[in-house]
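**Student:** Sending over protein.cif (mmCIF, C-alpha atoms and all ligand atoms).
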data_my_file
loop_
_atom_site.label_atom_id
_atom_site.label_comp_id
_atom_site.auth_asym_id
_atom_site.auth_seq_id
_atom_site.Cartn_x
_atom_site.Cartn_y
_atom_site.Cartn_z
CA MET A 60 -28.57 46.63 -9.51
CA LYS A 61 -29.14 43.13 -8.15
CA GLU A 62 -26.89 42.33 -5.17
CA LYS A 63 -24.69 39.27 -5.49
CA LYS A 64 -25.86 36.57 -3.10
CA ILE A 65 -23.21 35.34 -0.67
CA HIS A 66 -23.09 31.59 -0.28
CA TYR A 67 -21.60 30.21 2.90
CA CYS A 68 -19.52 27.04 3.13
CA THR A 69 -21.81 24.00 3.52
CA GLU A 70 -19.26 22.20 5.73
CA CYS A 71 -18.63 25.16 8.04
CA LYS A 72 -22.39 25.67 8.47
CA ARG A 73 -22.59 22.25 10.14
CA ASP A 74 -20.49 23.76 12.96
CA MET A 75 -22.61 26.93 12.93
CA LYS A 76 -19.77 28.92 11.31
CA PHE A 77 -20.58 31.25 8.44
CA ILE A 78 -17.55 31.39 6.14
CA PRO A 79 -18.09 32.66 2.56
CA SER A 80 -17.49 29.97 -0.05
CA VAL A 81 -14.74 30.26 -2.69
CA THR A 82 -16.43 27.83 -5.07
CA THR A 83 -19.36 25.54 -5.63
CA ILE A 84 -19.29 21.81 -6.31
CA GLY A 85 -22.59 21.88 -8.18
CA GLU A 86 -22.92 18.14 -8.82
CA PHE A 87 -22.80 17.42 -5.06
CA GLY A 88 -24.75 20.53 -4.01
CA LEU A 89 -21.80 21.94 -2.05
CA TYR A 90 -20.50 25.44 -1.45
CA LEU A 91 -16.98 25.30 -0.02
CA CYS A 92 -14.62 27.70 1.71
CA GLU A 93 -10.90 27.63 0.94
CA LYS A 94 -10.04 25.05 3.62
CA HIS A 95 -12.89 22.71 2.74
CA PHE A 96 -12.33 23.01 -1.00
CA ILE A 97 -8.68 21.97 -0.52
CA GLN A 98 -9.80 19.01 1.61
CA TRP A 99 -12.47 18.02 -0.91
CA PHE A 100 -9.97 18.23 -3.80
CA GLU A 101 -7.40 16.03 -2.06
CA LYS A 102 -9.99 13.42 -1.05
CA TRP A 103 -11.31 13.26 -4.59
CA VAL A 104 -7.79 12.68 -6.01
CA GLU A 105 -7.15 9.95 -3.42
CA HIS A 106 -10.50 8.37 -4.22
CA THR A 107 -9.67 8.31 -7.96
CA ILE A 108 -6.28 6.66 -7.28
CA GLU A 109 -7.97 3.99 -5.15
CA GLU A 110 -11.02 3.36 -7.37
CA PHE A 111 -8.85 2.66 -10.41
CA GLU A 112 -6.09 0.90 -8.43
CA MET A 113 -3.44 3.22 -9.83
CA PHE A 114 -0.74 2.78 -7.14
CA ASP A 115 -0.31 2.62 -3.37
CA ARG A 116 1.83 4.60 -0.96
CA GLN A 117 4.75 2.16 -1.26
CA THR A 118 5.06 2.37 -5.05
CA PRO A 119 7.55 4.90 -6.50
CA VAL A 120 5.74 7.03 -9.06
CA ILE A 121 7.28 9.41 -11.57
CA VAL A 122 5.19 12.49 -12.42
CA ALA A 123 5.62 13.88 -15.95
CA LEU A 124 5.89 17.66 -15.43
CA SER A 125 5.26 20.02 -18.33
CA GLY A 126 5.37 23.10 -16.10
CA GLY A 127 1.62 23.74 -16.66
CA LYS A 128 -0.90 23.83 -13.81
CA ASP A 129 -2.21 20.25 -14.10
CA SER A 130 1.04 18.32 -13.78
CA MET A 131 2.41 20.76 -11.19
CA VAL A 132 -0.71 20.37 -9.03
CA LEU A 133 -0.43 16.61 -9.43
CA TRP A 134 3.16 16.49 -8.14
CA TYR A 135 2.27 18.78 -5.25
CA VAL A 136 -0.88 16.93 -4.21
CA LEU A 137 0.65 13.44 -4.46
CA ASN A 138 3.45 14.51 -2.13
CA LYS A 139 1.01 16.13 0.25
CA LEU A 140 -1.05 12.92 0.35
CA GLY A 141 2.07 10.90 1.25
CA TYR A 142 2.69 9.09 -2.06
CA ARG A 143 6.27 8.41 -3.23
CA ALA A 144 6.09 10.82 -6.17
CA GLU A 145 9.19 12.15 -7.94
CA GLY A 146 9.06 14.79 -10.67
CA PHE A 147 10.41 14.45 -14.20
CA HIS A 148 10.66 17.33 -16.66
CA LEU A 149 11.66 17.12 -20.30
CA ASN A 150 12.97 20.47 -21.55
CA LEU A 151 11.73 20.51 -25.16
CA GLY A 152 14.07 23.28 -26.35
CA ILE A 153 11.15 25.46 -27.53
CA SER A 154 12.33 29.04 -27.40
CA GLY A 155 10.21 31.36 -25.30
CA ILE A 156 8.58 28.73 -23.11
CA SER A 157 10.96 25.87 -22.29
CA GLU A 158 13.20 28.02 -20.05
CA LYS A 159 10.15 29.25 -18.10
CA SER A 160 8.71 25.76 -17.77
CA GLU A 161 11.96 24.37 -16.39
CA GLN A 162 12.21 27.30 -13.99
CA ALA A 163 8.67 26.68 -12.67
CA VAL A 164 9.46 22.98 -12.17
CA ARG A 165 12.61 23.84 -10.20
CA GLU A 166 10.63 26.33 -8.06
CA LEU A 167 8.03 23.72 -7.21
CA GLY A 168 10.80 21.24 -6.37
CA GLN A 169 12.21 23.77 -3.88
CA MET A 170 8.76 24.38 -2.43
CA ILE A 171 8.15 20.70 -1.70
CA GLY A 172 11.79 19.84 -0.90
CA LYS A 173 12.46 17.56 -3.87
CA ASP A 174 14.93 17.62 -6.76
CA PRO A 175 13.16 17.06 -10.09
CA ILE A 176 14.82 14.86 -12.73
CA ILE A 177 15.43 17.09 -15.77
CA VAL A 178 16.37 15.93 -19.27
CA ASN A 179 17.04 18.38 -22.10
CA VAL A 180 16.00 17.41 -25.66
CA LYS A 181 18.63 19.70 -27.23
CA ASN A 182 21.40 18.01 -25.24
CA GLU A 183 20.03 14.54 -25.96
CA ILE A 184 19.13 14.82 -29.64
CA GLY A 185 21.06 17.87 -30.78
CA ALA A 186 18.00 19.99 -31.70
CA GLY A 187 14.77 21.30 -30.17
CA ILE A 188 11.23 20.25 -31.18
CA ALA A 189 10.75 23.04 -33.75
CA GLU A 190 13.98 22.13 -35.61
CA ILE A 191 13.25 18.40 -35.45
CA SER A 192 9.78 18.93 -36.90
CA LYS A 193 11.30 20.96 -39.77
CA ILE A 194 13.87 18.25 -40.55
CA PHE A 195 11.16 15.57 -40.59
CA ARG A 196 8.51 17.81 -42.21
CA THR A 197 5.93 16.63 -39.65
CA PRO A 198 3.62 18.67 -37.40
CA PRO A 199 5.52 19.53 -34.19
CA CYS A 200 2.90 18.01 -31.86
CA SER A 201 3.06 14.56 -33.43
CA ILE A 202 6.86 14.29 -33.18
CA CYS A 203 6.86 16.00 -29.76
CA GLY A 204 4.34 13.49 -28.35
CA ARG A 205 6.47 10.54 -29.46
CA ILE A 206 9.70 12.04 -28.11
CA LYS A 207 8.02 12.77 -24.78
CA ARG A 208 6.71 9.19 -24.52
CA TYR A 209 10.18 7.82 -25.27
CA TYR A 210 11.90 9.85 -22.53
CA PHE A 211 9.13 9.24 -19.96
CA ASN A 212 9.39 5.48 -20.52
CA ARG A 213 13.17 5.46 -20.65
CA THR A 214 13.64 7.60 -17.53
CA ALA A 215 11.08 5.53 -15.60
CA ARG A 216 12.82 2.31 -16.61
CA LEU A 217 16.39 3.50 -15.95
CA GLN A 218 15.45 4.98 -12.57
CA GLY A 219 13.34 2.04 -11.41
CA PHE A 220 9.84 3.58 -11.51
CA LYS A 221 6.99 1.20 -12.30
CA VAL A 222 4.37 3.94 -12.73
CA ILE A 223 4.24 7.18 -14.76
CA ALA A 224 1.58 9.72 -13.70
CA THR A 225 0.39 12.49 -16.00
CA GLY A 226 -1.76 15.55 -15.29
CA HIS A 227 -4.59 14.95 -17.80
CA ASN A 228 -7.75 16.53 -16.38
CA LEU A 229 -11.47 15.85 -16.85
CA ASP A 230 -11.82 18.47 -19.60
CA ASP A 231 -8.96 16.84 -21.59
CA GLU A 232 -10.32 13.35 -21.12
CA ALA A 233 -13.99 14.14 -21.82
CA GLY A 234 -13.02 16.29 -24.85
CA SER A 235 -10.85 13.59 -26.40
CA LEU A 236 -13.48 10.94 -25.64
CA LEU A 237 -16.09 12.95 -27.55
CA PHE A 238 -13.66 13.52 -30.42
CA ASN A 239 -12.75 9.81 -30.65
CA LEU A 240 -16.38 8.68 -30.41
CA VAL A 241 -17.57 11.10 -33.08
CA ASN A 242 -14.79 9.83 -35.35
CA TRP A 243 -15.07 6.18 -34.21
CA ASN A 244 -11.36 5.98 -33.48
CA GLU A 245 -11.43 2.45 -32.12
CA LYS A 246 -7.65 2.35 -31.65
CA TYR A 247 -7.88 5.20 -29.12
CA LEU A 248 -11.16 4.13 -27.51
CA ILE A 249 -9.59 0.79 -26.56
CA ARG A 250 -6.96 2.69 -24.56
CA LYS A 251 -9.26 5.43 -23.22
CA TYR A 252 -9.02 4.64 -19.54
CA PRO A 253 -7.32 6.39 -16.57
CA VAL A 254 -4.92 3.44 -16.19
CA LEU A 255 -2.87 1.72 -18.89
CA ARG A 256 -1.43 -1.45 -17.44
CA GLU A 257 2.32 -2.09 -17.57
CA ASP A 258 3.62 -4.47 -20.20
CA PRO A 259 6.10 -6.87 -18.54
CA MET A 260 7.11 -8.31 -21.93
CA SER A 261 8.42 -5.01 -23.30
CA GLY A 262 9.16 -3.38 -19.91
CA LEU A 263 6.79 -0.44 -20.53
CA PRO A 264 5.65 1.03 -17.19
CA ARG A 265 2.05 1.56 -16.07
CA LYS A 266 0.54 4.95 -17.06
CA VAL A 267 -2.00 6.63 -14.78
CA LYS A 268 -4.06 9.84 -14.76
CA PRO A 269 -4.98 10.67 -11.15
CA LEU A 270 -6.65 14.00 -12.15
CA ALA A 271 -8.84 12.41 -14.84
CA LEU A 272 -12.01 13.12 -12.83
CA MET A 273 -11.04 16.65 -11.81
CA ALA A 274 -12.30 19.64 -13.82
CA GLU A 275 -9.71 22.09 -15.13
CA ASP A 276 -11.16 25.15 -13.33
CA ARG A 277 -10.90 23.33 -9.99
CA ILE A 278 -7.25 22.43 -10.65
CA LEU A 279 -6.55 26.09 -11.39
CA LEU A 280 -8.29 27.16 -8.18
CA TYR A 281 -6.33 24.59 -6.15
CA ALA A 282 -3.06 25.83 -7.73
CA ARG A 283 -3.88 29.45 -6.85
CA LEU A 284 -5.00 28.72 -3.28
CA ASN A 285 -1.76 26.79 -2.62
CA ASN A 286 0.54 29.23 -4.48
CA ILE A 287 1.79 26.45 -6.73
CA PRO A 288 4.11 27.87 -9.43
CA PHE A 289 3.22 27.05 -13.05
CA THR A 290 3.46 28.50 -16.54
CA GLY A 291 0.16 29.53 -18.07
CA GLN A 292 1.69 30.39 -21.44
CA PRO A 293 0.52 28.19 -24.32
CA CYS A 294 3.12 26.46 -26.48
CA PRO A 295 3.81 28.61 -29.61
CA LEU A 296 4.02 25.47 -31.76
CA GLY A 297 0.28 25.05 -31.33
CA GLN A 298 -2.14 22.73 -29.63
CA ASP A 299 -4.47 20.32 -31.35
CA ALA A 300 -7.12 22.78 -32.58
CA LYS A 301 -9.60 19.98 -33.40
CA LEU A 302 -9.60 18.73 -29.84
CA HIS A 303 -10.28 22.22 -28.54
CA ILE A 304 -13.51 22.41 -30.49
CA TYR A 305 -14.78 19.29 -28.68
CA LYS A 306 -13.62 20.54 -25.27
CA ASP A 307 -15.40 23.85 -25.88
CA MET A 308 -18.58 22.07 -26.92
CA LEU A 309 -18.70 20.17 -23.62
CA THR A 310 -17.94 23.34 -21.66
CA HIS A 311 -20.84 24.99 -23.44
CA LEU A 312 -23.18 22.11 -22.56
CA GLU A 313 -21.98 22.25 -18.98
CA LYS A 314 -23.44 25.73 -18.59
CA GLN A 315 -26.85 23.98 -18.53
CA ASN A 316 -25.73 21.01 -16.43
CA ARG A 317 -22.55 21.05 -14.34
CA SER A 318 -22.39 17.22 -14.19
CA ILE A 319 -22.42 16.60 -17.92
CA LYS A 320 -18.65 16.20 -18.51
CA ARG A 321 -18.16 14.06 -15.43
CA ASN A 322 -21.14 11.82 -16.20
CA PHE A 323 -20.19 11.44 -19.85
CA TYR A 324 -16.62 10.39 -19.06
CA LEU A 325 -17.37 8.34 -15.92
CA ARG A 326 -20.17 6.35 -17.56
CA PHE A 327 -17.83 5.50 -20.41
CA ILE A 328 -14.93 4.30 -18.27
CA ARG A 329 -17.11 2.49 -15.72
CA LYS A 330 -19.45 0.81 -18.21
CA TYR A 331 -18.85 1.11 -21.94
CA GLN A 332 -15.05 1.06 -22.21
CA LYS A 333 -15.04 -2.73 -21.64
CA LEU A 334 -16.90 -3.18 -24.91
CA PHE A 335 -14.13 -1.48 -26.85
CA GLN A 336 -11.47 -3.58 -25.14
CA GLN A 337 -13.02 -6.67 -26.70
CA LEU A 338 -12.48 -5.39 -30.24
CA PRO A 339 -9.62 -7.03 -32.13
CA THR A 340 -7.12 -4.51 -33.51
CA LYS A 341 -3.71 -4.64 -35.10
CA GLU A 342 -2.44 -2.16 -32.49
CA LYS A 343 -3.33 -4.47 -29.64
CA HIS A 344 -1.13 -7.24 -30.98
CA LYS A 345 1.75 -5.17 -32.25
CA LYS A 346 4.96 -6.94 -31.14
CA LEU A 347 7.69 -4.82 -29.59
CA GLN A 348 11.40 -5.59 -29.63
CA LYS A 349 14.46 -3.83 -28.21
CA CYS A 350 15.98 -1.01 -30.28
CA LYS A 351 19.39 -2.25 -31.36
CA ILE A 352 20.96 1.11 -30.53
CA CYS A 353 19.37 2.22 -27.23
CA GLY A 354 17.48 -0.88 -26.04
CA GLU A 355 14.06 0.82 -25.70
CA PRO A 356 10.94 -1.08 -26.86
CA THR A 357 10.09 -0.42 -30.52
CA PRO A 358 8.10 -2.12 -33.31
CA SER A 359 11.13 -1.88 -35.67
CA ASP A 360 14.88 -2.59 -35.42
CA VAL A 361 15.77 0.99 -34.51
CA CYS A 362 13.48 3.23 -32.44
CA LEU A 363 12.17 6.60 -33.58
CA VAL A 364 14.40 8.66 -31.29
CA CYS A 365 17.56 6.91 -32.48
CA LYS A 366 16.43 7.57 -36.07
CA ILE A 367 15.81 11.24 -35.22
CA LYS A 368 19.27 11.56 -33.66
CA GLN A 369 20.81 10.22 -36.85
CA ALA A 370 18.71 12.52 -39.07
CA VAL A 371 19.61 15.57 -37.02
CA LYS A 372 23.29 14.72 -37.44
CA ASP A 373 22.90 14.24 -41.20
CA ASN A 374 20.84 17.42 -41.78
CA ASN A 375 22.79 19.83 -39.67
CA PRO A 376 26.51 19.65 -40.30
CA SER A 377 27.20 22.17 -37.53
CA LEU A 378 26.12 19.52 -35.06
CA GLU A 379 28.87 17.09 -36.10
FE1 LIG B 401 4.76 19.61 -27.83
FE2 LIG B 401 2.66 20.35 -29.38
FE3 LIG B 401 2.46 20.37 -26.71
FE4 LIG B 401 4.00 22.19 -27.95
S1 LIG B 401 1.75 21.98 -28.13
S2 LIG B 401 4.52 21.02 -26.12
S3 LIG B 401 4.79 20.96 -29.63
S4 LIG B 401 2.77 18.56 -28.01
ZN ZN B 402 16.70 3.59 -29.84
#
Before anything else, please render the file you have as C-alpha cells.
**Tutor:**
Amino acid sequence: MKEKKIHYCTECKRDMKFIPSVTTIGEFGLYLCEKHFIQWFEKWVEHTIEEFEMFDRQTPVIVALSGGKDSMVLWYVLNKLGYRAEGFHLNLGISGISEKSEQAVRELGQMIGKDPIIVNVKNEIGAGIAEISKIFRTPPCSICGRIKRYYFNRTARLQGFKVIATGHNLDDEAGSLLFNLVNWNEKYLIRKYPVLREDPMSGLPRKVKPLALMAEDRILLYARLNNIPFTGQPCPLGQDAKLHIYKDMLTHLEKQNRSIKRNFYLRFIRKYQKLFQQLPTKEKHKKLQKCKICGEPTPSDVCLVCKIKQAVKDNNPSLE
C-alpha cells in the first residue's frame, strides 16, 4: 500500500521547523500547520473587510447568528480581530433545532464574554415558522427569509447598529452566482456583491459578508481548531434544493482546480458586477415608506410581519 506523504508547514519550514500541516491552501501553494492556518484565516477575513470597505474597528456591527458554523465563526473571529461585533440570534420556533441553535449561540457568547441579543419568533408573532408557512400556504424558506430580514433590520435600527454582518461563505456565494447567471436573474445579479450599502432614506442598515471569499471547508476547520460551538443539524423545513445542485457542480469542478470557485466569484465582483448595476430595474427604484403599525420600511402601508401577526391571530383562536 502506498504510504501517505507528510507535508510540512510552509511557514514553519522558513524557520527550519518541520511541523506537519493540517491543511493545504492550494491556490497559494501553501501547506499550513494549525497555528499558521489560524493566522492565515484571520488575515484573509481582515483583508476582505478592508478590500470591500465593509466597516472599521470603531463601527458597531451586529452579526446575524443562525447557530451554524459560518455565522458562529464570524462572530468569534470579528471579536478576536478587535472589531465591535455583537451577536443577534432569531429563534425561529422550529421544533428540534431552534432550541439547540439558541443554546449554541449562548455557549459562544459565554466563551467570548458577550451577551447575544435573542429574539423569539413565537413570542413576537405568536407562531413558529412551520405554522406561519401553513397559515400562508407558502414554502417555509420564503416566509422565513423575509421574517429574518425584518428582525435583523429592526434590531439593528432599534439598537443603533449601522452594519449587519452575515456568515455567507464562498460556496454559498459562488453557487448562487452560478444559479442566478444560468437563469439570468438580473434582479439578484444587481445585488450580488459582498456589501449592500445602507439606505439613509429608508433607514435600512448596510449588509456585509466578511466570509464571502472563504471556502466552507476552511470555515469548518477553523471552527474545529478553535472549539467554536455550533449546530451542524440541517433545518427540517428544507434548504433550497436547486441552489445545492449548483454548489455541488462547482465543488465537483474544484476537484480539478482548487481556485475555480474563488476565481469565478472574485472575477464577477471585481469586474463584471458593475455592468449589472447599470441595468434599470423596477426593484432598484421601489419606494419604501414606514409601516403604519410598526414603523419599519415597507413598499406598502402595512409591512409583511404586521400582516403575518394579524393573520396568525385570525387563524388561531387559541392565540387570542
Ligand atoms: Fe428558514 Fe428555510 Fe433556513 Fe429553515 S431552511 S431556517 S425554514 S430559510
Ligand atoms: Zn409593520
**Student:** Could you tell me which of A:Ile352, A:Ile184, A:Ile249, A:Val254 comes closest to A:Ile367 if we count all atoms listed in the file?
**Tutor:**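 That would be A:Ile184, the residue with the smallest distance to A:Ile367.
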**Student:** Measuring between only C-alpha atoms and all ligand atoms, which one of A:Ile177, A:Cys350, A:Ile191, A:Val132 shows the shortest distance to ligand LIG 401 (chain B)?
**Tutor:** A:Ile191
**Student:** Stretch 363-367 of chain A, all listed atoms, 5 Å padding on each side: what axis-aligned box centre and edge lengths in Å to one decimal come out, as lines of an AutoDock Vina configuration file?
**Tutor:**
center_x = 14.9
center_y = 8.9
center_z = -33.7
size_x = 15.4
size_y = 14.6
size_z = 14.8
**Student:** Could you check the closest approach to ligand LIG 401 (chain B) for each of A:Leu229, A:Met75, A:Leu248, A:Leu296 and tell me which residue wins, using all atoms listed in the file?
**Tutor:** A:Leu296
**Student:** Please indicate the distance in Å from atom CA of A:Thr225 to atom CA of A:Asp129, rounded to one decimal place.
**Tutor:**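 Atom-to-atom, atom CA of A:Thr225 to atom CA of A:Asp129, that is 8.4 Å.
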**Student:** Go through A:Gln369, A:Gln292, A:Asn374, A:Ser154 and flag the residue nearest ligand ZN 402 (chain B), using all atoms listed in the file for the distances.
**Tutor:**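 Using all atoms listed in the file, the shortest distance to ligand ZN 402 (chain B) belongs to A:Gln369.
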**Student:** Atom CA of A:Lys368 and atom CA of A:Gly185 are how many Å apart?
**Tutor:**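 These two atoms are separated by 7.2 Å.
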**Student:** Save stretch 109-199 of chain A of the structure in the block above to a file, with C-alpha atoms included, as an mmCIF file, in the first residue's frame.
**Tutor:**
data_model
loop_
_atom_site.group_PDB
_atom_site.id
_atom_site.type_symbol
_atom_site.label_atom_id
_atom_site.label_comp_id
_atom_site.auth_asym_id
_atom_site.auth_seq_id
_atom_site.Cartn_x
_atom_site.Cartn_y
_atom_site.Cartn_z
ATOM 1 C CA GLU A 109 -10.727 46.149 4.118
ATOM 2 C CA GLU A 110 -10.841 45.466 0.365
ATOM 3 C CA PHE A 111 -14.615 45.927 0.236
ATOM 4 C CA GLU A 112 -14.676 48.725 2.848
ATOM 5 C CA MET A 113 -17.196 46.856 4.968
ATOM 6 C CA PHE A 114 -16.554 48.568 8.341
ATOM 7 C CA ASP A 115 -13.727 49.725 10.590
ATOM 8 C CA ARG A 116 -12.859 48.957 14.194
ATOM 9 C CA GLN A 117 -14.916 51.888 15.515
ATOM 10 C CA THR A 118 -18.183 50.864 13.844
ATOM 11 C CA PRO A 119 -20.642 48.755 15.887
ATOM 12 C CA VAL A 120 -21.580 45.694 13.845
ATOM 13 C CA ILE A 121 -24.372 43.237 14.538
ATOM 14 C CA VAL A 122 -23.695 39.624 13.488
ATOM 15 C CA ALA A 123 -26.747 37.593 12.451
ATOM 16 C CA LEU A 124 -26.250 34.224 14.197
ATOM 17 C CA SER A 125 -28.126 31.160 12.977
ATOM 18 C CA GLY A 126 -26.176 28.820 15.270
ATOM 19 C CA GLY A 127 -24.456 27.174 12.256
ATOM 20 C CA LYS A 128 -20.677 27.153 11.795
ATOM 21 C CA ASP A 129 -20.383 30.126 9.412
ATOM 22 C CA SER A 130 -22.087 32.814 11.485
ATOM 23 C CA MET A 131 -20.610 31.465 14.726
ATOM 24 C CA VAL A 132 -17.079 31.587 13.281
ATOM 25 C CA LEU A 133 -17.795 35.096 12.030
ATOM 26 C CA TRP A 134 -18.795 36.391 15.478
ATOM 27 C CA TYR A 135 -15.780 34.714 17.063
ATOM 28 C CA VAL A 136 -13.239 35.933 14.511
ATOM 29 C CA LEU A 137 -14.520 39.530 14.408
ATOM 30 C CA ASN A 138 -14.158 39.760 18.178
ATOM 31 C CA LYS A 139 -10.710 38.206 18.052
ATOM 32 C CA LEU A 140 -9.643 40.747 15.415
ATOM 33 C CA GLY A 141 -10.814 43.614 17.650
ATOM 34 C CA TYR A 142 -13.980 44.680 15.802
ATOM 35 C CA ARG A 143 -17.025 45.913 17.770
ATOM 36 C CA ALA A 144 -19.195 42.912 16.900
ATOM 37 C CA GLU A 145 -22.326 41.995 18.853
ATOM 38 C CA GLY A 146 -24.336 38.826 18.210
ATOM 39 C CA PHE A 147 -28.017 38.639 17.305
ATOM 40 C CA HIS A 148 -30.000 35.405 17.180
ATOM 41 C CA LEU A 149 -33.560 34.976 16.000
ATOM 42 C CA ASN A 150 -35.136 31.849 17.499
ATOM 43 C CA LEU A 151 -37.385 30.650 14.650
ATOM 44 C CA GLY A 152 -39.526 28.334 16.789
ATOM 45 C CA ILE A 153 -38.698 25.293 14.615
ATOM 46 C CA SER A 154 -39.053 22.242 16.814
ATOM 47 C CA GLY A 155 -35.981 20.048 17.026
ATOM 48 C CA ILE A 156 -33.415 22.647 16.009
ATOM 49 C CA SER A 157 -34.271 26.105 17.344
ATOM 50 C CA GLU A 158 -33.594 25.164 20.989
ATOM 51 C CA LYS A 159 -30.182 23.727 20.034
ATOM 52 C CA SER A 160 -29.292 26.739 17.905
ATOM 53 C CA GLU A 161 -30.099 29.166 20.708
ATOM 54 C CA GLN A 162 -28.108 27.042 23.147
ATOM 55 C CA ALA A 163 -25.041 27.081 20.851
ATOM 56 C CA VAL A 164 -25.308 30.869 20.488
ATOM 57 C CA ARG A 165 -25.437 31.292 24.277
ATOM 58 C CA GLU A 166 -22.404 28.981 24.676
ATOM 59 C CA LEU A 167 -20.383 31.007 22.207
ATOM 60 C CA GLY A 168 -21.426 34.210 23.986
ATOM 61 C CA GLN A 169 -20.042 32.773 27.237
ATOM 62 C CA MET A 170 -16.845 31.698 25.501
ATOM 63 C CA ILE A 171 -16.116 35.184 24.169
ATOM 64 C CA GLY A 172 -17.594 37.067 27.148
ATOM 65 C CA LYS A 173 -20.545 38.672 25.360
ATOM 66 C CA ASP A 174 -24.316 38.527 25.802
ATOM 67 C CA PRO A 175 -26.069 37.826 22.488
ATOM 68 C CA ILE A 176 -29.304 39.674 21.675
ATOM 69 C CA ILE A 177 -32.012 36.999 21.307
ATOM 70 C CA VAL A 178 -35.481 37.491 19.822
ATOM 71 C CA ASN A 179 -38.039 34.678 19.695
ATOM 72 C CA VAL A 180 -40.416 34.490 16.697
ATOM 73 C CA LYS A 181 -43.066 32.600 18.703
ATOM 74 C CA ASN A 182 -43.117 35.341 21.348
ATOM 75 C CA GLU A 183 -43.135 38.095 18.732
ATOM 76 C CA ILE A 184 -45.609 36.733 16.201
ATOM 77 C CA GLY A 185 -47.470 34.070 18.137
ATOM 78 C CA ALA A 186 -46.348 31.107 15.977
ATOM 79 C CA GLY A 187 -43.177 29.457 14.680
ATOM 80 C CA ILE A 188 -42.040 29.342 11.025
ATOM 81 C CA ALA A 189 -43.709 25.983 10.244
ATOM 82 C CA GLU A 190 -47.129 27.190 11.495
ATOM 83 C CA ILE A 191 -46.797 30.555 9.755
ATOM 84 C CA SER A 192 -45.971 28.863 6.458
ATOM 85 C CA LYS A 193 -49.069 26.648 6.828
ATOM 86 C CA ILE A 194 -51.339 29.630 7.529
ATOM 87 C CA PHE A 195 -49.983 31.479 4.488
ATOM 88 C CA ARG A 196 -49.658 28.345 2.313
ATOM 89 C CA THR A 197 -46.162 29.438 1.234
ATOM 90 C CA PRO A 198 -42.880 27.494 1.284
ATOM 91 C CA PRO A 199 -41.285 27.910 4.740
#
